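Written out below as structure tokens is the structure these notes cover.
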Amino acid sequence: MTPQGGLRENWARPFLFLGNNPISLIGGALTTASAMILIGFWVVDVVARSGPASPYVGIVIDLCLPGLFILGLILIPVGILLRRRRLKGAGQLPSEYPKVDFSNPVFRRGLDFVVIATFVNFVIVGTASYRGVAYMDTPNFCGQSCHVMHPEWAAYNVSQHHTHVACTECHITAGVQGFVNAKVNGTKQLMQVVFNSYPRPILPENRVPAAAKTCLHCHNPQQNIGDKLVVSASYGDDEKNSITHSLVLLHVGGRDMRGSLSGIHGAHLGRIEYIATDTTNQAIPWVAKENADGSKTEYLSSDAKAPVQGKKRLMDCIDCHNRAAHSFDTPEEALNRAMAAGNPDPALPFVRKEGLALIKATYASQPEAESKITAGLEEFYQKQHPEVLSGQRVQIDQAAKALVAIYGVNVFPFMKVTWETHPNNIGHNAYPGCFRCHDGSHNTADGKSINNDCSICHNLLAVDEVNPKQLAELGLQ
Ligand code: HEC
Ligand code: HEC
Ligand code: HEC
Ligand code: HEC
Ligand code: HEC
């Protein structure tokens, strides 16, 4: 007998005979259908991939479909073994397996079943996968279905980007490489969630693609924004929650009317490199500027231990706008803004002082924060100002709700995200921000420091003034 003949006799015949059982046939159909869909996805990926896709697309393409494929493969031998055991137990195991012959109705029925089941599986699994992939491209999926993203999801929903810009438009670059990266990362992150080993909190760690591949699809880096007036209100710790205002005229700049780059935007883009020594780019000991003639000026922080080593990064939009789509507030900022909008009502005595203490306190979970903040505010008025509790009950309840809401979009105990976990690099008051470099102690070898004159960045028209005359002059009061 030829070796092929032996194989056919000893292997193929028993395989097909014993495999002709419902479990193995379903397994075969699952395997063929998922293989066809997988190949279809891969072809579409390589040939037609153009836009960004969510990292979790990888869940369907890399995990679910191969999972079904393998499940099918496992079902085939399981069915065979079960059938063999049953026949053997009943003493019906043939001494010679029947010839493989498709004119035999038993074999034909098996084949018909596999063809029909493959087709049905193809339609069902294919539609489900396609819909899954389409859904995974939406912010709803990225932000909501995975609880570890709740902090970013909550902050995203109060940002200006949430109406037009999906998570994927900043987090994933277009093209095959971006897609593959996204799939690899998505699968890795899914594993971390499955094994409960994801980092808490999740920090940015330079995973966001360079602005040129994301932000600049929508924003023109040279747009002349000119000066921008920022007006802010701040409430005091006194009984009256006294209000003061600041007016800052920021020189944002861009390419101005005369064609030259000016202001904050004009000064950096494409010209400044730096090395950070931490993963969130807060500690920056080394900075270099490219001058108009192509030469470089290097600055070293006075507390750096030279030589500074690490990866150089070319400054782009994200180095300042690191919180473009999910900015977390400081407790003071959040409360000032809420009070300026009327709730907590600034007419409630000491509401700013008490409210701030309540949202800054440590709670084990958001539900615990909700009950303790609500009870805490009531208790304060009961003890200190019972007349307010009886007269302004409604305002107190509303104030408690507002405080709980502020806490709810900024502090996430289960992810260890608390006030100040995610610094914002715009400005320099709450976080180092601009002063990571403009602190007056980043110097050239000949002692010149990065400019930190207040007026290069802004005119301070009024700082915490009770009644700044500029507000009236500008018609804002
Ligand atoms: C407008 C662009 C943009 C959009 C839209 C966006 N992000 Fe981000 N995301 C960023 C930037 C920029 C960073 C921080 C980069 C850095 O500091 O290195 C970041 C960081 C993150 C991080 C790391 C942790 C952190 O907070 O720094 C997570 C997680 C994240 N984003 C999730 C999301 C999710 C979920 C969505 C959609 C609901 C989303 N992002 C939408 C730009 C964006
Ligand atoms: C898909 C398009 C798109 C992408 C990508 C995009 N933006 Fe925007 N961005 C917008 C739109 C639209 C607005 C205006 C929102 C409005 O006015 O309602 C905006 C507003 C802004 C603002 C002003 C409002 C604010 O939140 O302060 C900043 C700053 C900004 N984007 C920075 C960025 C940065 C940085 C990136 C990259 C990390 C980025 N954008 C990516 C479309 C985009
Ligand atoms: C050196 C820091 C820095 C860099 C780099 C930077 N910006 Fe800005 N940008 C600012 C500051 C500061 C403001 C004003 C802050 C505010 O609105 O409160 C601003 C404001 C803006 C605004 C809002 C203007 C408005 O009318 O409200 C947009 C949009 C913007 N930047 C986009 C970008 C884009 C896109 C890039 C990258 C090409 C970029 N920025 C790079 C610091 C920077
Ligand atoms: C990574 C370091 C770094 C960060 C962060 C940074 N800058 Fe700069 N910036 C520089 C360097 C270097 C120069 C050029 C130094 C010089 O000319 O003195 C510069 C120049 C400027 C200038 C022009 C100065 C002049 O003399 O005309 C302005 C305005 C400015 N930066 C504003 C800002 C603002 C606002 C922020 C924060 C939102 C910021 N920078 C964050 C490094 C930085
Ligand atoms: C490198 C640029 C830069 C320099 C230098 C700088 N600032 Fe600022 N400053 C900013 C930016 C950007 C903001 C706006 C933050 C925002 O949009 O809320 C700001 C905001 C402020 C505010 C307003 C805070 C508020 O209530 O919103 C004050 C006050 C202030 N700066 C004081 C100063 C003083 C005083 C100096 C000089 C010792 C100085 N700054 C130097 C960039 C700078």
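Identifiers in the structure tokens: chain A, B, ... in order shown; residue index from 1 per chain; ligand index from 1 in order shown.
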
Residues within 9 Å of ligand 4, counting only C-alpha atoms and all ligand atoms: report them as a PyMOL selection string.
chain A and resi 250-253+262-268+271-276+281-282+284+286-290+297-299+313-315+319-321+425-428+432-438+442+448-453+455-458

Extract the full set of helix (DSSP H, G or I) residues from stretch 244-357 of chain A according to DSSP on the backbone, and format it as an mmCIF file with all heavy atoms, in the first residue's frame.
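Printed below is out14.cif as written:
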data_model
loop_
_atom_site.group_PDB
_atom_site.id
_atom_site.type_symbol
_atom_site.label_atom_id
_atom_site.label_comp_id
_atom_site.auth_asym_id
_atom_site.auth_seq_id
_atom_site.Cartn_x
_atom_site.Cartn_y
_atom_site.Cartn_z
ATOM 1 N N GLY A 263 3.573 85.912 19.278
ATOM 2 C CA GLY A 263 2.797 85.465 20.430
ATOM 3 C C GLY A 263 3.143 84.054 20.890
ATOM 4 O O GLY A 263 4.151 83.470 20.497
ATOM 5 N N ILE A 264 2.258 83.536 21.745
ATOM 6 C CA ILE A 264 2.501 82.232 22.369
ATOM 7 C C ILE A 264 2.565 81.139 21.300
ATOM 8 O O ILE A 264 3.471 80.314 21.288
ATOM 9 C CB ILE A 264 1.381 81.932 23.394
ATOM 10 C CG1 ILE A 264 1.393 82.974 24.508
ATOM 11 C CG2 ILE A 264 1.528 80.527 23.958
ATOM 12 C CD1 ILE A 264 0.177 82.947 25.426
ATOM 13 N N HIS A 265 1.603 81.125 20.375
ATOM 14 C CA HIS A 265 1.621 80.100 19.323
ATOM 15 C C HIS A 265 2.840 80.258 18.426
ATOM 16 O O HIS A 265 3.500 79.281 18.079
ATOM 17 C CB HIS A 265 0.342 80.168 18.486
ATOM 18 C CG HIS A 265 -0.810 79.444 19.104
ATOM 19 N ND1 HIS A 265 -2.078 79.463 18.590
ATOM 20 C CD2 HIS A 265 -0.877 78.656 20.208
ATOM 21 C CE1 HIS A 265 -2.883 78.723 19.339
ATOM 22 N NE2 HIS A 265 -2.178 78.232 20.339
ATOM 23 N N GLY A 266 3.121 81.502 18.020
ATOM 24 C CA GLY A 266 4.217 81.730 17.071
ATOM 25 C C GLY A 266 5.579 81.347 17.624
ATOM 26 O O GLY A 266 6.473 80.947 16.879
ATOM 27 N N ALA A 267 5.744 81.457 18.952
ATOM 28 C CA ALA A 267 7.082 81.297 19.538
ATOM 29 C C ALA A 267 7.580 79.845 19.555
ATOM 30 O O ALA A 267 8.778 79.612 19.563
ATOM 31 C CB ALA A 267 7.092 81.843 20.966
ATOM 32 N N HIS A 268 6.676 78.865 19.582
ATOM 33 C CA HIS A 268 7.143 77.502 19.844
ATOM 34 C C HIS A 268 7.121 76.557 18.660
ATOM 35 O O HIS A 268 8.000 75.726 18.520
ATOM 36 C CB HIS A 268 6.298 76.853 20.955
ATOM 37 C CG HIS A 268 6.326 77.618 22.229
ATOM 38 N ND1 HIS A 268 5.452 78.632 22.488
ATOM 39 C CD2 HIS A 268 7.143 77.539 23.314
ATOM 40 C CE1 HIS A 268 5.710 79.147 23.680
ATOM 41 N NE2 HIS A 268 6.732 78.505 24.205
ATOM 42 N N CYS A 317 1.310 71.020 19.697
ATOM 43 C CA CYS A 317 0.087 71.481 20.381
ATOM 44 C C CYS A 317 -0.138 70.779 21.725
ATOM 45 O O CYS A 317 -0.561 71.389 22.709
ATOM 46 C CB CYS A 317 -1.147 71.224 19.524
ATOM 47 S SG CYS A 317 -0.960 71.524 17.765
ATOM 48 N N ILE A 318 0.127 69.446 21.744
ATOM 49 C CA ILE A 318 -0.228 68.628 22.905
ATOM 50 C C ILE A 318 0.601 68.991 24.141
ATOM 51 O O ILE A 318 0.177 68.762 25.271
ATOM 52 C CB ILE A 318 -0.056 67.132 22.541
ATOM 53 C CG1 ILE A 318 -1.080 66.772 21.461
ATOM 54 C CG2 ILE A 318 -0.226 66.225 23.744
ATOM 55 C CD1 ILE A 318 -0.803 65.439 20.805
ATOM 56 N N ASP A 319 1.793 69.593 23.933
ATOM 57 C CA ASP A 319 2.612 69.953 25.095
ATOM 58 C C ASP A 319 1.978 71.066 25.926
ATOM 59 O O ASP A 319 2.257 71.174 27.112
ATOM 60 C CB ASP A 319 4.015 70.332 24.634
ATOM 61 C CG ASP A 319 4.732 69.112 24.093
ATOM 62 O OD1 ASP A 319 4.957 68.174 24.879
ATOM 63 O OD2 ASP A 319 4.997 69.063 22.876
ATOM 64 N N CYS A 320 1.160 71.890 25.286
ATOM 65 C CA CYS A 320 0.409 72.882 26.070
ATOM 66 C C CYS A 320 -1.036 72.423 26.250
ATOM 67 O O CYS A 320 -1.556 72.428 27.347
ATOM 68 C CB CYS A 320 0.433 74.240 25.385
ATOM 69 S SG CYS A 320 2.088 74.941 25.273
ATOM 70 N N PRO A 331 -10.342 72.002 42.326
ATOM 71 C CA PRO A 331 -11.600 72.207 43.064
ATOM 72 C C PRO A 331 -12.010 73.682 43.086
ATOM 73 O O PRO A 331 -13.201 74.007 42.974
ATOM 74 C CB PRO A 331 -11.284 71.691 44.468
ATOM 75 C CG PRO A 331 -9.832 71.351 44.507
ATOM 76 C CD PRO A 331 -9.330 71.292 43.114
ATOM 77 N N GLU A 332 -11.016 74.589 43.200
ATOM 78 C CA GLU A 332 -11.325 76.016 43.241
ATOM 79 C C GLU A 332 -11.962 76.472 41.934
ATOM 80 O O GLU A 332 -13.002 77.133 41.924
ATOM 81 C CB GLU A 332 -10.057 76.848 43.504
ATOM 82 C CG GLU A 332 -9.454 76.671 44.901
ATOM 83 C CD GLU A 332 -8.609 75.398 45.040
ATOM 84 O OE1 GLU A 332 -8.385 74.699 44.023
ATOM 85 O OE2 GLU A 332 -8.184 75.093 46.179
ATOM 86 N N GLU A 333 -11.296 76.090 40.800
ATOM 87 C CA GLU A 333 -11.829 76.467 39.480
ATOM 88 C C GLU A 333 -13.254 75.989 39.298
ATOM 89 O O GLU A 333 -14.132 76.716 38.848
ATOM 90 C CB GLU A 333 -11.023 75.752 38.381
ATOM 91 C CG GLU A 333 -9.859 76.480 37.804
ATOM 92 C CD GLU A 333 -8.981 75.504 36.988
ATOM 93 O OE1 GLU A 333 -9.427 74.376 36.618
ATOM 94 O OE2 GLU A 333 -7.849 75.880 36.743
ATOM 95 N N ALA A 334 -13.475 74.709 39.619
ATOM 96 C CA ALA A 334 -14.786 74.115 39.385
ATOM 97 C C ALA A 334 -15.849 74.836 40.204
ATOM 98 O O ALA A 334 -16.925 75.162 39.696
ATOM 99 C CB ALA A 334 -14.752 72.633 39.746
ATOM 100 N N LEU A 335 -15.515 75.126 41.462
ATOM 101 C CA LEU A 335 -16.510 75.758 42.326
ATOM 102 C C LEU A 335 -16.749 77.208 41.899
ATOM 103 O O LEU A 335 -17.897 77.679 41.859
ATOM 104 C CB LEU A 335 -16.049 75.671 43.789
ATOM 105 C CG LEU A 335 -17.078 76.035 44.843
ATOM 106 C CD1 LEU A 335 -18.394 75.301 44.622
ATOM 107 C CD2 LEU A 335 -16.551 75.696 46.243
ATOM 108 N N ASN A 336 -15.669 77.921 41.536
ATOM 109 C CA ASN A 336 -15.847 79.293 41.062
ATOM 110 C C ASN A 336 -16.781 79.335 39.864
ATOM 111 O O ASN A 336 -17.678 80.171 39.776
ATOM 112 C CB ASN A 336 -14.499 79.903 40.644
ATOM 113 C CG ASN A 336 -13.668 80.321 41.856
ATOM 114 O OD1 ASN A 336 -14.216 80.573 42.931
ATOM 115 N ND2 ASN A 336 -12.364 80.384 41.685
ATOM 116 N N ARG A 337 -16.555 78.409 38.939
ATOM 117 C CA ARG A 337 -17.360 78.422 37.715
ATOM 118 C C ARG A 337 -18.814 78.097 38.028
ATOM 119 O O ARG A 337 -19.737 78.729 37.522
ATOM 120 C CB ARG A 337 -16.778 77.438 36.702
ATOM 121 C CG ARG A 337 -17.098 77.815 35.301
ATOM 122 C CD ARG A 337 -16.128 77.303 34.230
ATOM 123 N NE ARG A 337 -15.049 76.464 34.624
ATOM 124 C CZ ARG A 337 -15.071 75.132 34.640
ATOM 125 N NH1 ARG A 337 -16.149 74.498 34.301
ATOM 126 N NH2 ARG A 337 -14.022 74.454 34.974
ATOM 127 N N ALA A 338 -19.021 77.104 38.897
ATOM 128 C CA ALA A 338 -20.393 76.717 39.229
ATOM 129 C C ALA A 338 -21.118 77.858 39.951
ATOM 130 O O ALA A 338 -22.279 78.151 39.660
ATOM 131 C CB ALA A 338 -20.380 75.455 40.092
ATOM 132 N N MET A 339 -20.393 78.538 40.869
ATOM 133 C CA MET A 339 -21.044 79.639 41.605
ATOM 134 C C MET A 339 -21.330 80.811 40.678
ATOM 135 O O MET A 339 -22.372 81.466 40.797
ATOM 136 C CB MET A 339 -20.176 80.069 42.792
ATOM 137 C CG MET A 339 -20.209 79.036 43.920
ATOM 138 S SD MET A 339 -19.134 79.466 45.302
ATOM 139 C CE MET A 339 -19.981 80.898 45.989
ATOM 140 N N ALA A 340 -20.419 81.061 39.732
ATOM 141 C CA ALA A 340 -20.667 82.147 38.781
ATOM 142 C C ALA A 340 -21.916 81.840 37.958
ATOM 143 O O ALA A 340 -22.628 82.742 37.523
ATOM 144 C CB ALA A 340 -19.456 82.348 37.874
ATOM 145 N N VAL A 351 -20.859 79.363 51.730
ATOM 146 C CA VAL A 351 -21.029 78.166 50.903
ATOM 147 C C VAL A 351 -19.750 77.822 50.149
ATOM 148 O O VAL A 351 -19.424 76.659 49.920
ATOM 149 C CB VAL A 351 -22.241 78.300 49.944
ATOM 150 C CG1 VAL A 351 -21.940 79.224 48.781
ATOM 151 C CG2 VAL A 351 -22.655 76.923 49.426
ATOM 152 N N ARG A 352 -18.976 78.843 49.805
ATOM 153 C CA ARG A 352 -17.730 78.567 49.082
ATOM 154 C C ARG A 352 -16.725 77.831 49.995
ATOM 155 O O ARG A 352 -16.152 76.822 49.615
ATOM 156 C CB ARG A 352 -17.174 79.896 48.572
ATOM 157 C CG ARG A 352 -15.704 80.016 48.543
ATOM 158 C CD ARG A 352 -15.091 79.582 47.233
ATOM 159 N NE ARG A 352 -13.646 79.632 47.353
ATOM 160 C CZ ARG A 352 -12.813 79.494 46.363
ATOM 161 N NH1 ARG A 352 -13.259 79.300 45.167
ATOM 162 N NH2 ARG A 352 -11.534 79.545 46.559
ATOM 163 N N LYS A 353 -16.573 78.339 51.222
ATOM 164 C CA LYS A 353 -15.600 77.742 52.138
ATOM 165 C C LYS A 353 -15.993 76.301 52.477
ATOM 166 O O LYS A 353 -15.183 75.373 52.371
ATOM 167 C CB LYS A 353 -15.523 78.586 53.416
ATOM 168 C CG LYS A 353 -14.489 78.136 54.394
ATOM 169 C CD LYS A 353 -14.243 79.212 55.444
ATOM 170 C CE LYS A 353 -13.198 78.764 56.441
ATOM 171 N NZ LYS A 353 -13.744 78.580 57.792
ATOM 172 N N GLU A 354 -17.265 76.124 52.863
ATOM 173 C CA GLU A 354 -17.728 74.788 53.233
ATOM 174 C C GLU A 354 -17.732 73.839 52.045
ATOM 175 O O GLU A 354 -17.322 72.684 52.146
ATOM 176 C CB GLU A 354 -19.150 74.858 53.816
ATOM 177 C CG GLU A 354 -19.196 75.318 55.238
ATOM 178 C CD GLU A 354 -18.276 74.505 56.134
ATOM 179 O OE1 GLU A 354 -18.357 73.250 56.119
ATOM 180 O OE2 GLU A 354 -17.455 75.137 56.827
ATOM 181 N N GLY A 355 -18.218 74.354 50.910
ATOM 182 C CA GLY A 355 -18.307 73.525 49.701
ATOM 183 C C GLY A 355 -16.933 73.022 49.290
ATOM 184 O O GLY A 355 -16.753 71.843 48.974
ATOM 185 N N LEU A 356 -15.953 73.937 49.336
ATOM 186 C CA LEU A 356 -14.604 73.562 48.927
ATOM 187 C C LEU A 356 -14.062 72.450 49.829
ATOM 188 O O LEU A 356 -13.499 71.462 49.354
ATOM 189 C CB LEU A 356 -13.705 74.799 48.989
ATOM 190 C CG LEU A 356 -12.403 74.739 48.212
ATOM 191 C CD1 LEU A 356 -12.670 74.477 46.746
ATOM 192 C CD2 LEU A 356 -11.624 76.042 48.379
ATOM 193 N N ALA A 357 -14.267 72.626 51.157
ATOM 194 C CA ALA A 357 -13.767 71.608 52.089
ATOM 195 C C ALA A 357 -14.443 70.262 51.814
ATOM 196 O O ALA A 357 -13.796 69.211 51.847
ATOM 197 C CB ALA A 357 -14.024 72.050 53.528
#

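Shortest atom-to-atom contact with A:Ser371 among A:Lys401, A:Lys469, A:Lys188, A:Lys88: A:Lys401, counting only C-alpha atoms.
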
From a DSSP calculation on the backbone, collect every residue of stretch 159-392 of chain A in strand (DSSP E or B) and output the set as an NGL selection string.
:A and (226-235 or 243-255 or 261-262 or 272-275 or 286-290 or 296-301 or 312-314)

Any chance you could export the current selection's N, CA and C atoms as a tab-separated table (two decimals), in the first residue's frame?
chain	number	residue	atom	x	y	z
A	226	GLY	N	-4.41	86.05	17.61
A	226	GLY	CA	-4.20	87.37	18.21
A	226	GLY	C	-4.31	87.33	19.72
A	227	ASP	N	-4.88	88.37	20.31
A	227	ASP	CA	-5.03	88.43	21.76
A	227	ASP	C	-6.37	87.85	22.18
A	228	LYS	N	-6.37	87.18	23.33
A	228	LYS	CA	-7.62	86.61	23.82
A	228	LYS	C	-7.85	87.09	25.25
A	229	LEU	N	-9.04	87.66	25.48
A	229	LEU	CA	-9.36	88.15	26.81
A	229	LEU	C	-9.96	87.02	27.64
A	230	VAL	N	-9.32	86.71	28.77
A	230	VAL	CA	-9.86	85.68	29.66
A	230	VAL	C	-10.36	86.37	30.94
A	231	VAL	N	-11.65	86.29	31.20
A	231	VAL	CA	-12.23	86.89	32.40
A	231	VAL	C	-12.61	85.78	33.35
A	232	SER	N	-12.14	85.88	34.60
A	232	SER	CA	-12.53	84.83	35.54
A	232	SER	C	-13.01	85.42	36.85
A	233	ALA	N	-13.94	84.71	37.50
A	233	ALA	CA	-14.47	85.16	38.79
A	233	ALA	C	-13.95	84.24	39.87
A	234	SER	N	-13.74	84.81	41.05
A	234	SER	CA	-13.25	84.00	42.15
A	234	SER	C	-13.99	84.40	43.42
A	235	TYR	N	-14.41	83.42	44.21
A	235	TYR	CA	-15.18	83.71	45.43
A	235	TYR	C	-14.31	83.52	46.66
A	243	ILE	N	-16.98	88.22	45.87
A	243	ILE	CA	-16.50	87.91	44.53
A	243	ILE	C	-15.44	88.92	44.07
A	244	THR	N	-14.40	88.40	43.40
A	244	THR	CA	-13.42	89.27	42.73
A	244	THR	C	-13.27	88.78	41.30
A	245	HIS	N	-12.72	89.65	40.44
A	245	HIS	CA	-12.53	89.27	39.04
A	245	HIS	C	-11.09	89.45	38.61
A	246	SER	N	-10.65	88.61	37.67
A	246	SER	CA	-9.36	88.82	37.01
A	246	SER	C	-9.61	88.95	35.52
A	247	LEU	N	-8.87	89.87	34.90
A	247	LEU	CA	-8.94	90.02	33.45
A	247	LEU	C	-7.53	89.89	32.90
A	248	VAL	N	-7.33	88.89	32.08
A	248	VAL	CA	-6.00	88.64	31.53
A	248	VAL	C	-6.10	88.68	30.01
A	249	LEU	N	-5.25	89.50	29.38
A	249	LEU	CA	-5.25	89.54	27.92
A	249	LEU	C	-4.07	88.69	27.44
A	250	LEU	N	-4.40	87.48	26.93
A	250	LEU	CA	-3.36	86.53	26.54
A	250	LEU	C	-2.92	86.79	25.10
A	251	HIS	N	-1.59	86.83	24.91
A	251	HIS	CA	-1.10	87.07	23.54
A	251	HIS	C	-0.92	85.73	22.84
A	252	VAL	N	-2.03	85.18	22.36
A	252	VAL	CA	-1.98	83.84	21.76
A	252	VAL	C	-1.25	83.89	20.41
A	253	GLY	N	-1.52	84.91	19.62
A	253	GLY	CA	-0.76	85.13	18.38
A	253	GLY	C	-1.06	84.17	17.26
A	254	GLY	N	-0.01	83.84	16.50
A	254	GLY	CA	-0.16	83.06	15.27
A	254	GLY	C	0.63	83.78	14.19
A	255	ARG	N	0.28	83.56	12.92
A	255	ARG	CA	0.95	84.33	11.87
A	255	ARG	C	0.17	85.62	11.69
A	261	LEU	N	5.47	85.26	12.56
A	261	LEU	CA	4.92	84.45	13.64
A	261	LEU	C	5.08	85.22	14.95
A	262	SER	N	4.01	85.31	15.72
A	262	SER	CA	4.13	86.08	16.95
A	262	SER	C	3.37	85.40	18.08
A	272	ILE	N	11.00	74.31	19.21
A	272	ILE	CA	11.50	74.03	20.56
A	272	ILE	C	11.55	72.52	20.80
A	273	GLU	N	12.68	72.04	21.27
A	273	GLU	CA	12.82	70.63	21.65
A	273	GLU	C	13.05	70.56	23.15
A	274	TYR	N	12.66	69.44	23.76
A	274	TYR	CA	12.96	69.31	25.19
A	274	TYR	C	13.14	67.85	25.59
A	275	ILE	N	13.71	67.65	26.76
A	275	ILE	CA	13.81	66.31	27.33
A	275	ILE	C	13.09	66.33	28.68
A	286	TRP	N	15.99	70.02	30.31
A	286	TRP	CA	16.76	70.46	29.13
A	286	TRP	C	15.82	70.96	28.03
A	287	VAL	N	16.12	72.13	27.48
A	287	VAL	CA	15.30	72.71	26.42
A	287	VAL	C	16.23	73.29	25.36
A	288	ALA	N	15.85	73.21	24.07
A	288	ALA	CA	16.64	73.86	23.02
A	288	ALA	C	15.73	74.60	22.06
A	289	LYS	N	16.23	75.75	21.58
A	289	LYS	CA	15.46	76.53	20.63
A	289	LYS	C	16.22	76.62	19.32
A	290	GLU	N	15.53	76.43	18.19
A	290	GLU	CA	16.19	76.61	16.90
A	290	GLU	C	16.03	78.06	16.49
A	296	LYS	N	21.36	76.54	17.25
A	296	LYS	CA	20.53	76.15	18.37
A	296	LYS	C	20.99	76.80	19.66
A	297	THR	N	20.04	77.20	20.49
A	297	THR	CA	20.37	77.70	21.82
A	297	THR	C	19.86	76.67	22.82
A	298	GLU	N	20.75	76.21	23.70
A	298	GLU	CA	20.32	75.21	24.69
A	298	GLU	C	20.16	75.83	26.07
A	299	TYR	N	19.16	75.37	26.79
A	299	TYR	CA	18.92	75.85	28.16
A	299	TYR	C	18.92	74.65	29.10
A	300	LEU	N	19.55	74.85	30.26
A	300	LEU	CA	19.62	73.77	31.25
A	300	LEU	C	19.03	74.27	32.57
A	301	SER	N	18.17	73.47	33.15
A	301	SER	CA	17.59	73.87	34.43
A	301	SER	C	18.69	73.93	35.49
A	312	LYS	N	14.47	63.16	23.03
A	312	LYS	CA	14.09	64.54	22.72
A	312	LYS	C	12.71	64.56	22.11
A	313	ARG	N	11.93	65.55	22.48
A	313	ARG	CA	10.60	65.68	21.92
A	313	ARG	C	10.44	67.06	21.33
A	314	LEU	N	9.94	67.12	20.09
A	314	LEU	CA	9.67	68.41	19.45
A	314	LEU	C	8.33	68.91	19.96

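The residues sitting within 6 Å of ligand 1, with only C-alpha atoms and all ligand atoms considered, come out as Pro139, Cys142, Gly143, Met149, Glu152, Trp153, Tyr156, His161, Val165, Ala166, Cys167, Cys170, Ile202, Leu203, Pro204, Glu205, Asn206, Val208, Ile318, Asn322, Arg323, Ala324 and Ala325 of chain A.
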
May I have the residues from that selection written out with N, CA and C atoms, as a CSV table (one decimal), in the first residue's frame?
chain,number,residue,atom,x,y,z
A,139,PRO,N,-17.4,57.2,20.2
A,139,PRO,CA,-17.0,57.6,21.5
A,139,PRO,C,-17.8,56.9,22.6
A,142,CYS,N,-15.8,53.8,23.3
A,142,CYS,CA,-14.5,54.0,23.9
A,142,CYS,C,-14.7,54.5,25.4
A,143,GLY,N,-15.6,55.4,25.6
A,143,GLY,CA,-15.7,56.1,26.8
A,143,GLY,C,-16.6,55.3,27.8
A,149,MET,N,-12.3,53.9,31.6
A,149,MET,CA,-12.3,55.1,30.8
A,149,MET,C,-13.2,56.2,31.4
A,152,GLU,N,-12.0,59.9,31.8
A,152,GLU,CA,-11.9,60.7,30.5
A,152,GLU,C,-13.2,60.9,29.8
A,153,TRP,N,-14.1,59.9,29.9
A,153,TRP,CA,-15.4,60.0,29.3
A,153,TRP,C,-16.2,61.2,30.0
A,156,TYR,N,-14.6,64.5,28.9
A,156,TYR,CA,-14.8,64.7,27.5
A,156,TYR,C,-16.2,65.3,27.3
A,161,HIS,N,-14.8,69.6,22.5
A,161,HIS,CA,-14.6,68.7,21.4
A,161,HIS,C,-15.7,67.6,21.3
A,165,VAL,N,-15.8,65.7,17.7
A,165,VAL,CA,-14.5,65.0,17.6
A,165,VAL,C,-14.5,63.7,18.4
A,166,ALA,N,-14.4,62.6,17.7
A,166,ALA,CA,-14.4,61.2,18.4
A,166,ALA,C,-13.1,61.0,19.0
A,167,CYS,N,-13.1,60.2,20.1
A,167,CYS,CA,-11.8,59.8,20.7
A,167,CYS,C,-10.8,59.4,19.7
A,170,CYS,N,-8.1,61.7,17.9
A,170,CYS,CA,-6.9,62.2,18.5
A,170,CYS,C,-6.0,61.0,18.9
A,202,ILE,N,-4.8,55.9,35.1
A,202,ILE,CA,-4.1,55.8,33.8
A,202,ILE,C,-3.5,57.2,33.5
A,203,LEU,N,-2.2,57.2,33.2
A,203,LEU,CA,-1.6,58.5,32.9
A,203,LEU,C,-1.3,58.5,31.4
A,204,PRO,N,-1.1,59.7,30.9
A,204,PRO,CA,-0.9,59.8,29.4
A,204,PRO,C,0.3,59.1,28.9
A,205,GLU,N,1.5,59.3,29.5
A,205,GLU,CA,2.7,58.6,29.1
A,205,GLU,C,3.0,58.6,27.6
A,206,ASN,N,2.8,59.7,27.0
A,206,ASN,CA,3.2,59.9,25.6
A,206,ASN,C,2.7,58.9,24.6
A,208,VAL,N,-0.2,59.4,22.9
A,208,VAL,CA,-1.0,60.1,21.9
A,208,VAL,C,-0.1,60.5,20.7
A,318,ILE,N,0.1,69.4,21.7
A,318,ILE,CA,-0.2,68.6,22.9
A,318,ILE,C,0.6,69.0,24.1
A,322,ASN,N,-2.6,69.7,26.6
A,322,ASN,CA,-2.6,68.3,27.0
A,322,ASN,C,-3.9,67.8,27.5
A,323,ARG,N,-4.8,68.8,27.8
A,323,ARG,CA,-6.1,68.4,28.3
A,323,ARG,C,-7.2,68.9,27.3
A,324,ALA,N,-6.9,68.9,26.0
A,324,ALA,CA,-7.8,69.4,25.0
A,324,ALA,C,-9.2,68.9,25.0
A,325,ALA,N,-9.3,67.6,25.3
A,325,ALA,CA,-10.6,67.0,25.2
A,325,ALA,C,-11.1,66.4,26.5

Would you mind listing what lies within 8 Å of A:Phe113 as a list in words, with only C-alpha atoms counted and same-chain residues fewer than 4 positions away left out?
Leu25, Arg109 and Ala117 of chain A

For A:Ile23, please output as a list in words all residues within 10 Å (counting only C-alpha atoms; exclusion window: fewer than 6 positions along the same chain).
Gly72, Ile74, Leu75, Ile76, Pro77, Val78, Gly79, Ile80, Leu82 and Arg83 of chain A

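In this model, the gap between atom 24 (C, counted along the ligand's line) of ligand 5 and atom CA of A:Asp464 comes to 8.7 Å.
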
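Using only C-alpha atoms and all ligand atoms, the shortest contact distance between ligand 2 and any of A:Asn220, A:Ser95, A:Ser24, A:Gln177 is found at A:Asn220.
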
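Between atom 14 (C, counted along the ligand's line) of ligand 5 and atom CA of A:Arg258 lies a distance of 25.5 Å.
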